[in-house]
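Participant: Pasting model_18.cif here (mmCIF, C-alpha atoms):
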data_my_file
#
loop_
_atom_site.label_atom_id
_atom_site.label_comp_id
_atom_site.auth_asym_id
_atom_site.auth_seq_id
_atom_site.Cartn_x
_atom_site.Cartn_y
_atom_site.Cartn_z
CA MET A 1 107.91 83.87 95.06
CA GLU A 2 109.13 80.33 95.31
CA VAL A 3 112.32 78.38 94.87
CA LYS A 4 112.47 74.63 94.40
CA ALA A 5 115.31 72.15 94.97
CA ASN A 6 115.62 68.54 93.97
CA VAL A 7 116.78 66.42 96.93
CA GLU A 8 117.75 62.78 97.53
CA ASP A 9 115.30 62.18 100.36
CA PHE A 10 113.60 64.02 103.24
CA GLN A 11 115.13 62.23 106.26
CA ASP A 12 117.74 64.81 107.32
CA ILE A 13 115.60 67.69 106.12
CA LYS A 14 112.70 66.70 108.38
CA LYS A 15 115.05 66.61 111.37
CA LYS A 16 116.39 70.04 110.51
CA LEU A 17 112.87 71.43 110.06
CA ASP A 18 112.20 70.24 113.61
CA GLN A 19 115.41 71.84 114.88
CA ILE A 20 114.73 75.26 113.38
CA GLY A 21 111.18 75.14 114.76
CA ALA A 22 109.25 74.90 111.50
CA GLU A 23 105.65 73.94 112.16
CA LYS A 24 104.16 71.00 110.29
CA ILE A 25 100.74 72.11 109.09
CA LYS A 26 99.39 69.26 107.03
CA LYS A 27 99.93 66.40 104.66
CA GLU A 28 98.17 66.49 101.32
CA HIS A 29 97.79 64.14 98.43
CA GLN A 30 97.23 66.17 95.29
CA LYS A 31 96.17 65.12 91.86
CA ASP A 32 96.60 67.81 89.21
CA PHE A 33 95.05 67.77 85.76
CA TYR A 34 96.69 70.24 83.40
CA PHE A 35 94.95 71.53 80.30
CA ASN A 36 96.23 73.19 77.16
CA ALA A 37 94.24 75.76 75.18
CA PRO A 38 92.72 75.43 71.71
CA HIS A 39 93.87 78.85 70.51
CA LYS A 40 97.40 79.04 71.90
CA ASP A 41 100.06 76.78 73.37
CA PHE A 42 100.39 77.33 77.12
CA GLY A 43 103.85 75.78 76.87
CA GLU A 44 104.85 78.79 74.79
CA THR A 45 102.85 81.47 76.58
CA ASP A 46 103.94 80.12 79.98
CA GLU A 47 100.35 80.00 81.22
CA ALA A 48 98.66 77.07 82.91
CA LEU A 49 95.15 75.84 83.54
CA ARG A 50 94.73 73.20 86.20
CA ILE A 51 92.12 71.21 88.07
CA ARG A 52 93.52 70.13 91.44
CA GLU A 53 91.92 67.42 93.55
CA ILE A 54 92.82 67.32 97.24
CA PRO A 55 91.14 64.57 99.27
CA GLU A 56 90.06 65.99 102.64
CA ASP A 57 88.53 63.59 105.15
CA ASP A 58 85.56 62.02 103.42
CA LYS A 59 85.36 64.38 100.49
CA LYS A 60 87.55 66.12 97.96
CA ARG A 61 88.42 69.74 97.67
CA ILE A 62 88.58 70.64 93.97
CA ILE A 63 90.18 73.83 92.73
CA LEU A 64 90.27 75.30 89.23
CA THR A 65 93.35 77.49 88.80
CA TYR A 66 94.61 79.77 86.07
CA LYS A 67 98.27 80.75 86.19
CA GLY A 68 99.58 83.61 84.10
CA ALA A 69 103.09 83.84 82.68
CA LYS A 70 105.92 84.43 85.13
CA LEU A 71 106.15 88.17 85.76
CA ASP A 72 109.89 88.02 86.23
CA ASN A 73 112.51 85.35 85.95
CA VAL A 74 114.01 85.59 89.39
CA SER A 75 111.01 85.34 91.68
CA LYS A 76 108.84 83.27 89.32
CA THR A 77 105.88 85.37 90.51
CA ARG A 78 102.72 84.71 88.50
CA LYS A 79 99.17 85.90 88.39
CA GLU A 80 97.17 83.11 89.99
CA ILE A 81 93.38 82.97 90.08
CA GLU A 82 91.55 80.09 91.68
CA VAL A 83 88.02 79.02 92.40
CA ASP A 84 86.68 76.02 94.29
CA VAL A 85 84.40 73.85 92.19
CA LEU A 86 82.08 71.08 93.36
CA ASP A 87 82.76 68.52 90.69
CA SER A 88 86.02 67.61 89.01
CA LYS A 89 84.59 65.54 86.16
CA ASN A 90 82.10 68.14 84.96
CA THR A 91 84.68 70.92 85.22
CA ALA A 92 86.98 68.85 82.99
CA LEU A 93 84.08 68.14 80.61
CA ILE A 94 83.28 71.85 80.29
CA LEU A 95 86.93 72.64 79.55
CA GLU A 96 87.11 69.82 77.00
CA ASN A 97 83.95 70.98 75.28
CA LEU A 98 85.45 74.47 75.07
CA GLY A 99 88.39 72.91 73.21
CA PHE A 100 90.89 72.60 76.08
CA LYS A 101 92.82 69.33 76.25
CA ASN A 102 93.98 67.45 79.33
CA VAL A 103 97.67 67.12 78.51
CA ALA A 104 99.13 65.96 81.82
CA THR A 105 98.26 64.55 85.19
CA VAL A 106 100.64 65.11 88.11
CA LYS A 107 100.26 63.21 91.37
CA LYS A 108 102.11 64.26 94.47
CA ASP A 109 102.31 63.76 98.22
CA ARG A 110 103.00 67.00 99.99
CA ASP A 111 104.10 67.78 103.56
CA ILE A 112 103.51 71.43 104.33
CA TYR A 113 105.38 73.38 107.01
CA TYR A 114 105.19 77.00 108.13
CA TYR A 115 108.35 78.83 109.11
CA GLY A 116 107.68 82.50 109.85
CA ASP A 117 106.40 84.06 106.64
CA PHE A 118 107.60 81.11 104.61
CA ILE A 119 105.83 77.97 103.46
CA ILE A 120 108.15 74.99 103.14
CA THR A 121 106.81 72.07 101.15
CA LEU A 122 108.25 68.57 100.86
CA ASP A 123 106.96 67.17 97.57
CA THR A 124 107.08 63.58 96.42
CA VAL A 125 106.10 63.87 92.78
CA TYR A 126 105.18 60.55 91.18
CA ASP A 127 107.49 59.65 88.29
CA VAL A 128 109.53 62.82 88.83
CA GLY A 129 111.29 62.85 92.22
CA THR A 130 111.48 64.49 95.65
CA PHE A 131 111.63 68.26 96.03
CA VAL A 132 111.75 70.95 98.69
CA GLU A 133 109.94 74.14 97.79
CA ILE A 134 110.16 77.35 99.79
CA GLU A 135 107.60 80.03 99.10
CA THR A 136 106.75 83.45 100.42
CA ASP A 137 104.11 85.96 99.38
CA ALA A 138 105.66 88.37 96.94
CA ASN A 139 104.93 91.88 98.05
CA GLU A 140 105.45 94.49 95.38
CA ASP A 141 106.85 96.97 97.90
CA GLU A 142 109.44 94.55 99.21
CA ASP A 143 112.88 93.97 97.94
CA ILE A 144 112.71 90.79 95.89
CA THR A 145 116.43 90.18 96.33
CA GLU A 146 115.99 90.33 100.08
CA SER A 147 113.18 87.74 100.07
CA LEU A 148 115.22 85.56 97.77
CA ASN A 149 118.23 85.79 100.11
CA LYS A 150 116.04 84.75 103.04
CA ILE A 151 114.80 81.74 101.07
CA PHE A 152 118.35 80.63 100.34
CA ASP A 153 119.27 81.17 104.02
CA ILE A 154 116.54 78.69 104.95
CA TYR A 155 117.77 76.21 102.34
CA LYS A 156 121.21 76.49 103.93
CA MET A 157 119.78 75.81 107.40
CA LEU A 158 118.16 72.69 105.95
CA GLY A 159 121.51 71.59 104.52
CA ILE A 160 120.46 72.16 100.92
CA GLU A 161 122.98 74.03 98.81
CA GLU A 162 122.51 72.47 95.41
CA GLY A 163 119.89 70.86 93.20
CA PHE A 164 117.97 74.10 92.65
CA GLU A 165 115.49 73.61 89.89
CA ARG A 166 113.88 76.33 87.80
CA ARG A 167 111.79 74.01 85.70
CA SER A 168 108.21 73.20 86.65
CA TYR A 169 107.14 69.62 87.35
CA LEU A 170 105.44 69.64 83.95
CA GLU A 171 108.69 70.65 82.30
CA LEU A 172 110.55 67.99 84.26
CA MET A 173 108.03 65.44 82.99
CA GLY A 174 108.86 66.56 79.46
CA ILE A 175 105.28 67.64 78.80
CA VAL A 176 105.73 71.34 78.09
CA MET B 1 63.27 69.76 75.18
CA GLU B 2 61.71 73.13 75.77
CA VAL B 3 59.32 75.50 74.09
CA LYS B 4 58.99 79.17 74.95
CA ALA B 5 56.17 81.63 74.38
CA ASN B 6 56.11 85.39 74.70
CA VAL B 7 53.04 86.50 76.72
CA GLU B 8 51.44 89.81 77.74
CA ASP B 9 51.41 89.08 81.47
CA PHE B 10 51.07 86.17 83.92
CA GLN B 11 47.74 87.02 85.60
CA ASP B 12 45.43 84.59 83.76
CA ILE B 13 48.20 82.04 83.35
CA LYS B 14 48.80 81.82 87.10
CA LYS B 15 45.09 81.19 87.66
CA LYS B 16 45.08 78.45 85.05
CA LEU B 17 48.22 76.86 86.53
CA ASP B 18 46.27 76.67 89.80
CA GLN B 19 43.25 75.16 88.05
CA ILE B 20 45.17 72.39 86.31
CA GLY B 21 46.96 71.58 89.58
CA ALA B 22 50.50 72.67 88.67
CA GLU B 23 52.65 72.86 91.77
CA LYS B 24 54.58 76.05 92.43
CA ILE B 25 58.09 74.99 93.43
CA LYS B 26 60.07 78.17 93.87
CA LYS B 27 60.80 81.72 92.86
CA GLU B 28 64.29 82.55 91.67
CA HIS B 29 66.12 85.66 90.73
CA GLN B 30 68.82 84.78 88.23
CA LYS B 31 71.69 86.80 86.91
CA ASP B 32 73.41 85.25 83.91
CA PHE B 33 76.77 86.28 82.54
CA TYR B 34 77.37 85.00 79.01
CA PHE B 35 80.85 84.63 77.56
CA ASN B 36 82.11 84.32 74.03
CA ALA B 37 85.24 82.33 73.08
CA PRO B 38 88.56 83.65 71.79
CA HIS B 39 88.91 81.00 69.07
CA LYS B 40 85.39 80.81 67.68
CA ASP B 41 82.14 82.75 67.75
CA PHE B 42 79.56 81.00 69.92
CA GLY B 43 76.90 82.99 68.04
CA GLU B 44 77.89 81.04 64.94
CA THR B 45 78.60 77.65 66.54
CA ASP B 46 75.40 77.92 68.61
CA GLU B 47 77.29 77.12 71.83
CA ALA B 48 77.09 79.07 75.08
CA LEU B 49 79.17 79.53 78.21
CA ARG B 50 77.44 81.04 81.19
CA ILE B 51 77.95 81.91 84.84
CA ARG B 52 74.59 81.94 86.61
CA GLU B 53 74.09 83.53 90.02
CA ILE B 54 71.03 82.48 92.03
CA PRO B 55 70.64 84.13 95.43
CA GLU B 56 69.49 81.53 97.96
CA ASP B 57 68.72 82.72 101.47
CA ASP B 58 71.89 84.39 102.73
CA LYS B 59 74.22 83.13 100.05
CA LYS B 60 74.40 82.66 96.31
CA ARG B 61 74.40 79.50 94.30
CA ILE B 62 76.76 79.96 91.35
CA ILE B 63 76.77 77.62 88.38
CA LEU B 64 79.13 77.46 85.41
CA THR B 65 77.37 75.98 82.39
CA TYR B 66 78.47 74.95 78.93
CA LYS B 67 75.76 74.48 76.32
CA GLY B 68 76.49 72.69 73.08
CA ALA B 69 74.80 73.41 69.79
CA LYS B 70 71.17 72.39 69.42
CA LEU B 71 71.06 68.74 68.43
CA ASP B 72 67.93 69.20 66.39
CA ASN B 73 65.78 72.12 65.43
CA VAL B 74 62.47 70.89 66.73
CA SER B 75 63.22 69.98 70.33
CA LYS B 76 66.11 72.42 70.80
CA THR B 77 67.87 69.67 72.80
CA ARG B 78 71.46 70.58 73.68
CA LYS B 79 74.36 69.03 75.47
CA GLU B 80 74.46 70.82 78.82
CA ILE B 81 77.23 70.44 81.37
CA GLU B 82 77.20 72.33 84.63
CA VAL B 83 79.27 72.62 87.75
CA ASP B 84 78.68 74.58 90.95
CA VAL B 85 81.48 77.02 91.71
CA LEU B 86 82.09 78.89 94.95
CA ASP B 87 82.98 82.29 93.56
CA SER B 88 81.49 84.13 90.62
CA LYS B 89 84.12 86.86 90.31
CA ASN B 90 87.10 84.51 90.19
CA THR B 91 85.35 82.17 87.76
CA ALA B 92 84.79 85.17 85.46
CA LEU B 93 88.42 86.26 85.94
CA ILE B 94 89.71 82.82 84.97
CA LEU B 95 87.53 82.81 81.84
CA GLU B 96 88.65 86.33 80.94
CA ASN B 97 92.31 85.42 81.40
CA LEU B 98 91.75 82.45 79.11
CA GLY B 99 90.53 84.89 76.47
CA PHE B 100 86.77 84.55 76.93
CA LYS B 101 84.76 87.78 76.92
CA ASN B 102 81.67 88.62 78.94
CA VAL B 103 79.36 89.68 76.12
CA ALA B 104 75.99 89.83 77.84
CA THR B 105 74.30 89.88 81.20
CA VAL B 106 70.71 88.67 81.48
CA LYS B 107 68.66 89.26 84.62
CA LYS B 108 65.41 87.48 85.19
CA ASP B 109 62.79 86.68 87.80
CA ARG B 110 61.57 83.16 87.46
CA ASP B 111 58.55 81.35 88.95
CA ILE B 112 58.96 77.61 88.64
CA TYR B 113 56.08 75.11 88.59
CA TYR B 114 55.98 71.35 88.23
CA TYR B 115 53.23 69.71 86.25
CA GLY B 116 53.73 65.96 85.96
CA ASP B 117 56.97 65.43 84.04
CA PHE B 118 57.00 69.03 82.88
CA ILE B 119 58.63 72.12 84.30
CA ILE B 120 56.70 75.29 83.60
CA THR B 121 58.59 78.52 84.09
CA LEU B 122 57.25 82.06 84.16
CA ASP B 123 60.15 84.32 83.22
CA THR B 124 60.31 88.07 83.56
CA VAL B 125 63.43 88.92 81.60
CA TYR B 126 64.72 92.46 82.22
CA ASP B 127 64.70 94.58 79.06
CA VAL B 128 63.24 91.69 77.04
CA GLY B 129 59.76 90.71 78.22
CA THR B 130 57.63 88.06 79.89
CA PHE B 131 57.74 84.45 78.77
CA VAL B 132 56.31 81.04 79.61
CA GLU B 133 58.67 78.15 79.07
CA ILE B 134 57.65 74.50 79.21
CA GLU B 135 60.37 71.92 79.47
CA THR B 136 60.63 68.16 79.76
CA ASP B 137 63.61 65.84 79.90
CA ALA B 138 64.35 64.62 76.42
CA ASN B 139 64.68 60.87 76.44
CA GLU B 140 66.38 59.44 73.38
CA ASP B 141 64.04 56.47 73.34
CA GLU B 142 60.92 58.59 73.41
CA ASP B 143 59.04 60.01 70.53
CA ILE B 144 60.03 63.65 70.32
CA THR B 145 56.86 64.56 68.45
CA GLU B 146 54.79 63.06 71.24
CA SER B 147 56.56 65.12 73.92
CA LEU B 148 56.22 68.20 71.78
CA ASN B 149 52.48 67.57 71.36
CA LYS B 150 52.11 67.25 75.14
CA ILE B 151 53.91 70.56 75.61
CA PHE B 152 51.55 72.31 73.20
CA ASP B 153 48.58 70.66 74.96
CA ILE B 154 49.71 72.30 78.20
CA TYR B 155 50.10 75.65 76.45
CA LYS B 156 46.53 75.29 75.23
CA MET B 157 45.31 74.56 78.77
CA LEU B 158 47.03 77.77 79.88
CA GLY B 159 45.27 79.70 77.11
CA ILE B 160 48.47 80.26 75.12
CA GLU B 161 48.14 79.56 71.41
CA GLU B 162 50.48 82.12 69.93
CA GLY B 163 53.69 84.04 70.63
CA PHE B 164 55.91 80.96 70.40
CA GLU B 165 59.49 82.06 70.27
CA ARG B 166 62.40 80.03 68.91
CA ARG B 167 65.05 82.62 69.65
CA SER B 168 67.01 82.58 72.88
CA TYR B 169 66.90 85.56 75.26
CA LEU B 170 70.37 86.47 74.00
CA GLU B 171 69.12 86.50 70.43
CA LEU B 172 66.09 88.55 71.49
CA MET B 173 68.47 91.04 73.08
CA GLY B 174 70.26 91.29 69.74
CA ILE B 175 73.53 90.06 71.22
CA VAL B 176 74.16 86.92 69.21
#
Go ahead and render the structure in this file as structure tokens.
Facilitator:
Amino acid sequence: MEVKANVEDFQDIKKKLDQIGAEKIKKEHQKDFYFNAPHKDFGETDEALRIREIPEDDKKRIILTYKGAKLDNVSKTRKEIEVDVLDSKNTALILENLGFKNVATVKKDRDIYYYGDFIITLDTVYDVGTFVEIETDANEDEDITESLNKIFDIYKMLGIEEGFERRSYLELMGIV
Amino acid sequence: MEVKANVEDFQDIKKKLDQIGAEKIKKEHQKDFYFNAPHKDFGETDEALRIREIPEDDKKRIILTYKGAKLDNVSKTRKEIEVDVLDSKNTALILENLGFKNVATVKKDRDIYYYGDFIITLDTVYDVGTFVEIETDANEDEDITESLNKIFDIYKMLGIEEGFERRSYLELMGIV
């Protein structure tokens, strides 16, 4: 489950992440290519198909991901299946030949922190804005409300009490 | 372009491959998973989508391949796009979630030889039979008839003058 908030900038938040002892794991630059299907509109079915490029040292990690519709509206939990592929261009070409269309490209810089069982991400999304996302693995046996409360506790510790955003970056870009 | 012939066995053919100086490159065991599309019937459009698993030493090479319709009926040339993927199961799961269905699995043992610009393959296809396939890169500038004549010359050298088969292994299995 994940919750996202739109913020002005990251200056104070980075200090507070330090103070609460969150551990900075890595910085990533991601380039996401989203595809729509030939036989249904993913904007309507709430699914997504994405090729993500993440430069790592000299090479790129490339991941093909399918996201199912949100399973519930509070936690935004989705089925997510991913596979690493060796070539971004040919993966896109295969999808295009199958009738899928590249409908959006999202570029973002991402600082990733760990804080206990939570992943805190500072996202600078090109042409969209700056966002803090807090995520934890949804466990079916756990109380979703409890996890959600913990997420909002962390937001509070970071000084974030407004700007919560339910829409995806694609929705914010006006694409779906 | 490629031409395939159904043969009784490989005993004489292997001897003749030796005599003409064909170079044995490798032996492969391939497992192919074919998928059909949710929005059209690849049997009708003459396209194909395949996950191929090739065990190599301790690990597996896995390739996702799209094949377009045959561009002409003589050479059987097709658009072919492939990408290596790291995980067969998740690739299949993504395709299935996108609405594609695994309609056939083809297992074969394959001995691969090089002979000049030609690739000669001895295929033992489980539940189908034994086949010799001769393939050469189709070059748009080249005379297709000439390449085709060369292929049939090689068949003659191998003692194969009948059993030529236009149908794919999938068609021979009665699947498409």
Participant: Specify as a JSON list (two decimals) with C-alpha atoms, in the coordinates of the input each residue included when the PyMOL selection byres ((chain B) within 10 of (chain A)) is applied to this file.
Facilitator:
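Wrote selection_5.json, looks like this:
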[["chain", "number", "residue", "atom", "x", "y", "z"],
["B", 37, "ALA", "CA", 85.24, 82.33, 73.08],
["B", 38, "PRO", "CA", 88.56, 83.65, 71.79],
["B", 39, "HIS", "CA", 88.91, 81.00, 69.07],
["B", 40, "LYS", "CA", 85.39, 80.81, 67.68],
["B", 47, "GLU", "CA", 77.29, 77.12, 71.83],
["B", 48, "ALA", "CA", 77.09, 79.07, 75.08],
["B", 49, "LEU", "CA", 79.17, 79.53, 78.21],
["B", 62, "ILE", "CA", 76.76, 79.96, 91.35],
["B", 63, "ILE", "CA", 76.77, 77.62, 88.38],
["B", 64, "LEU", "CA", 79.13, 77.46, 85.41],
["B", 65, "THR", "CA", 77.37, 75.98, 82.39],
["B", 66, "TYR", "CA", 78.47, 74.95, 78.93],
["B", 67, "LYS", "CA", 75.76, 74.48, 76.32],
["B", 68, "GLY", "CA", 76.49, 72.69, 73.08],
["B", 79, "LYS", "CA", 74.36, 69.03, 75.47],
["B", 80, "GLU", "CA", 74.46, 70.82, 78.82],
["B", 81, "ILE", "CA", 77.23, 70.44, 81.37],
["B", 82, "GLU", "CA", 77.20, 72.33, 84.63],
["B", 83, "VAL", "CA", 79.27, 72.62, 87.75],
["B", 84, "ASP", "CA", 78.68, 74.58, 90.95],
["B", 85, "VAL", "CA", 81.48, 77.02, 91.71],
["B", 86, "LEU", "CA", 82.09, 78.89, 94.95],
["B", 87, "ASP", "CA", 82.98, 82.29, 93.56],
["B", 88, "SER", "CA", 81.49, 84.13, 90.62],
["B", 89, "LYS", "CA", 84.12, 86.86, 90.31],
["B", 90, "ASN", "CA", 87.10, 84.51, 90.19],
["B", 91, "THR", "CA", 85.35, 82.17, 87.76],
["B", 92, "ALA", "CA", 84.79, 85.17, 85.46],
["B", 93, "LEU", "CA", 88.42, 86.26, 85.94],
["B", 94, "ILE", "CA", 89.71, 82.82, 84.97],
["B", 95, "LEU", "CA", 87.53, 82.81, 81.84],
["B", 97, "ASN", "CA", 92.31, 85.42, 81.40],
["B", 98, "LEU", "CA", 91.75, 82.45, 79.11],
["B", 99, "GLY", "CA", 90.53, 84.89, 76.47]]
Participant: As JSON, what would the box around segment 39-47 of chain A look like: edges along x, y and z, 4 Å added on every side, centre and edge lengths in Å to one decimal?
Facilitator:
{"center_x": 99.4, "center_y": 78.6, "center_z": 75.9, "size_x": 19.0, "size_y": 13.7, "size_z": 18.7}
Participant: Using all C-alpha atoms paired in order, least-squares fit chain A onto chain B and give me the moved copy as a compact mmCIF listing (two decimals) with C-alpha atoms, keeping the file's coordinate frame.
Facilitator:
# COMPACT_ATOMS: atom_id res chain seq x y z
CA MET A 1 63.23 69.76 75.18
CA GLU A 2 61.68 73.12 75.77
CA VAL A 3 59.30 75.50 74.08
CA LYS A 4 58.99 79.17 74.94
CA ALA A 5 56.15 81.65 74.35
CA ASN A 6 56.09 85.39 74.70
CA VAL A 7 53.03 86.50 76.71
CA GLU A 8 51.43 89.81 77.74
CA ASP A 9 51.39 89.08 81.46
CA PHE A 10 51.07 86.17 83.90
CA GLN A 11 47.74 87.00 85.60
CA ASP A 12 45.42 84.57 83.77
CA ILE A 13 48.19 82.02 83.34
CA LYS A 14 48.80 81.80 87.09
CA LYS A 15 45.09 81.16 87.66
CA LYS A 16 45.09 78.44 85.04
CA LEU A 17 48.22 76.84 86.52
CA ASP A 18 46.29 76.65 89.80
CA GLN A 19 43.26 75.14 88.06
CA ILE A 20 45.18 72.38 86.30
CA GLY A 21 46.96 71.57 89.57
CA ALA A 22 50.48 72.66 88.66
CA GLU A 23 52.65 72.86 91.75
CA LYS A 24 54.59 76.05 92.42
CA ILE A 25 58.09 74.98 93.42
CA LYS A 26 60.06 78.17 93.85
CA LYS A 27 60.80 81.71 92.85
CA GLU A 28 64.28 82.54 91.65
CA HIS A 29 66.11 85.67 90.72
CA GLN A 30 68.82 84.78 88.23
CA LYS A 31 71.68 86.80 86.92
CA ASP A 32 73.41 85.26 83.90
CA PHE A 33 76.79 86.27 82.55
CA TYR A 34 77.40 84.99 79.03
CA PHE A 35 80.87 84.63 77.58
CA ASN A 36 82.14 84.32 74.04
CA ALA A 37 85.25 82.35 73.08
CA PRO A 38 88.58 83.65 71.79
CA HIS A 39 88.93 81.02 69.06
CA LYS A 40 85.40 80.83 67.68
CA ASP A 41 82.15 82.77 67.75
CA PHE A 42 79.56 81.02 69.93
CA GLY A 43 76.91 82.99 68.06
CA GLU A 44 77.88 81.03 64.96
CA THR A 45 78.60 77.66 66.56
CA ASP A 46 75.41 77.90 68.66
CA GLU A 47 77.31 77.12 71.86
CA ALA A 48 77.12 79.05 75.10
CA LEU A 49 79.21 79.53 78.21
CA ARG A 50 77.47 81.03 81.20
CA ILE A 51 77.98 81.90 84.84
CA ARG A 52 74.61 81.94 86.62
CA GLU A 53 74.11 83.53 90.02
CA ILE A 54 71.05 82.48 92.01
CA PRO A 55 70.65 84.13 95.42
CA GLU A 56 69.49 81.52 97.94
CA ASP A 57 68.72 82.69 101.47
CA ASP A 58 71.87 84.37 102.72
CA LYS A 59 74.21 83.15 100.04
CA LYS A 60 74.41 82.67 96.30
CA ARG A 61 74.42 79.51 94.31
CA ILE A 62 76.79 79.96 91.36
CA ILE A 63 76.80 77.62 88.39
CA LEU A 64 79.17 77.46 85.43
CA THR A 65 77.41 75.97 82.41
CA TYR A 66 78.51 74.94 78.95
CA LYS A 67 75.79 74.46 76.35
CA GLY A 68 76.52 72.68 73.10
CA ALA A 69 74.81 73.40 69.79
CA LYS A 70 71.18 72.38 69.45
CA LEU A 71 71.09 68.71 68.46
CA ASP A 72 67.95 69.17 66.43
CA ASN A 73 65.80 72.09 65.46
CA VAL A 74 62.49 70.88 66.78
CA SER A 75 63.25 69.94 70.36
CA LYS A 76 66.13 72.40 70.84
CA THR A 77 67.88 69.66 72.85
CA ARG A 78 71.47 70.55 73.72
CA LYS A 79 74.38 69.03 75.52
CA GLU A 80 74.50 70.82 78.86
CA ILE A 81 77.28 70.43 81.40
CA GLU A 82 77.26 72.33 84.66
CA VAL A 83 79.32 72.63 87.78
CA ASP A 84 78.73 74.60 90.97
CA VAL A 85 81.51 77.05 91.73
CA LEU A 86 82.15 78.93 94.97
CA ASP A 87 83.01 82.31 93.57
CA SER A 88 81.51 84.15 90.63
CA LYS A 89 84.15 86.87 90.30
CA ASN A 90 87.14 84.54 90.19
CA THR A 91 85.39 82.19 87.76
CA ALA A 92 84.81 85.18 85.46
CA LEU A 93 88.44 86.28 85.93
CA ILE A 94 89.73 82.83 84.96
CA LEU A 95 87.56 82.82 81.84
CA GLU A 96 88.68 86.34 80.94
CA ASN A 97 92.33 85.44 81.39
CA LEU A 98 91.79 82.46 79.09
CA GLY A 99 90.56 84.93 76.46
CA PHE A 100 86.79 84.55 76.93
CA LYS A 101 84.79 87.79 76.92
CA ASN A 102 81.69 88.63 78.93
CA VAL A 103 79.38 89.69 76.11
CA ALA A 104 76.00 89.83 77.84
CA THR A 105 74.31 89.88 81.19
CA VAL A 106 70.71 88.66 81.47
CA LYS A 107 68.66 89.27 84.60
CA LYS A 108 65.41 87.47 85.18
CA ASP A 109 62.78 86.68 87.80
CA ARG A 110 61.55 83.14 87.46
CA ASP A 111 58.53 81.34 88.94
CA ILE A 112 58.96 77.60 88.61
CA TYR A 113 56.09 75.11 88.58
CA TYR A 114 55.99 71.33 88.24
CA TYR A 115 53.21 69.70 86.25
CA GLY A 116 53.73 65.94 85.94
CA ASP A 117 56.96 65.43 84.03
CA PHE A 118 56.97 69.02 82.87
CA ILE A 119 58.63 72.11 84.29
CA ILE A 120 56.69 75.29 83.59
CA THR A 121 58.60 78.52 84.08
CA LEU A 122 57.24 82.06 84.15
CA ASP A 123 60.14 84.32 83.20
CA THR A 124 60.31 88.07 83.56
CA VAL A 125 63.43 88.92 81.59
CA TYR A 126 64.71 92.44 82.22
CA ASP A 127 64.70 94.56 79.06
CA VAL A 128 63.23 91.69 77.04
CA GLY A 129 59.73 90.73 78.22
CA THR A 130 57.60 88.05 79.89
CA PHE A 131 57.74 84.43 78.77
CA VAL A 132 56.30 81.04 79.60
CA GLU A 133 58.66 78.14 79.06
CA ILE A 134 57.63 74.50 79.20
CA GLU A 135 60.36 71.91 79.46
CA THR A 136 60.61 68.17 79.74
CA ASP A 137 63.60 65.85 79.87
CA ALA A 138 64.31 64.64 76.38
CA ASN A 139 64.61 60.90 76.41
CA GLU A 140 66.28 59.45 73.36
CA ASP A 141 63.93 56.46 73.34
CA GLU A 142 60.81 58.59 73.40
CA ASP A 143 58.96 60.01 70.52
CA ILE A 144 59.98 63.65 70.30
CA THR A 145 56.81 64.54 68.42
CA GLU A 146 54.75 63.07 71.23
CA SER A 147 56.54 65.12 73.91
CA LEU A 148 56.19 68.20 71.76
CA ASN A 149 52.44 67.57 71.36
CA LYS A 150 52.08 67.25 75.13
CA ILE A 151 53.89 70.57 75.60
CA PHE A 152 51.53 72.31 73.20
CA ASP A 153 48.54 70.67 74.95
CA ILE A 154 49.68 72.31 78.18
CA TYR A 155 50.10 75.66 76.45
CA LYS A 156 46.52 75.30 75.23
CA MET A 157 45.28 74.56 78.77
CA LEU A 158 47.02 77.76 79.87
CA GLY A 159 45.27 79.70 77.12
CA ILE A 160 48.45 80.27 75.13
CA GLU A 161 48.14 79.57 71.42
CA GLU A 162 50.47 82.13 69.92
CA GLY A 163 53.66 84.04 70.64
CA PHE A 164 55.89 80.97 70.39
CA GLU A 165 59.47 82.05 70.26
CA ARG A 166 62.39 80.03 68.93
CA ARG A 167 65.01 82.64 69.62
CA SER A 168 67.00 82.60 72.85
CA TYR A 169 66.88 85.56 75.24
CA LEU A 170 70.35 86.49 73.99
CA GLU A 171 69.09 86.53 70.42
CA LEU A 172 66.08 88.57 71.48
CA MET A 173 68.46 91.06 73.10
CA GLY A 174 70.25 91.33 69.76
CA ILE A 175 73.52 90.09 71.24
CA VAL A 176 74.12 86.95 69.20
Participant: Quick check on the file I pasted: which residues fall under the PyMOL selection byres ((chain A and resi 154-167) around 6)? Write them as an MDAnalysis selection string.
Facilitator: chainID A and resid 4:6 13 16 151:153 168 171
Participant: Which is closest to Phe42 of chain A among A:Arg61, A:Lys107, A:Lys101, A:Lys24, if we use only C-alpha atoms?
Facilitator: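 Ranked by minimum distance to Phe42 of chain A, first place goes to A:Lys101.
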Participant: For Glu28 of chain B, find every residue with an atom within 9 Å (counting only C-alpha atoms), except residues of its own chain fewer than 4 positions away, and show them as a list of chain:residue names.
Facilitator: B:Ile54, B:Pro55, B:Glu56, B:Lys108, B:Asp109, B:Arg110, B:Asp111, B:Ile112
Participant: Just give me the gap between atom CA of Gly43 of chain A and atom CA of Ala69 of chain A in Å, one decimal is fine.
Facilitator: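 Rounded to one decimal, the two atoms are 10.0 Å apart.
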Participant: For the structure provided, state which residues fall under the PyMOL selection byres ((chain A and resi 127) around 9), and present them as a list in words.
Facilitator: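 Against this file, the PyMOL selection byres ((chain A and resi 127) around 9) returns the residues Val106, Lys107, Val125, Tyr126, Val128, Gly129 and Met173 of chain A.
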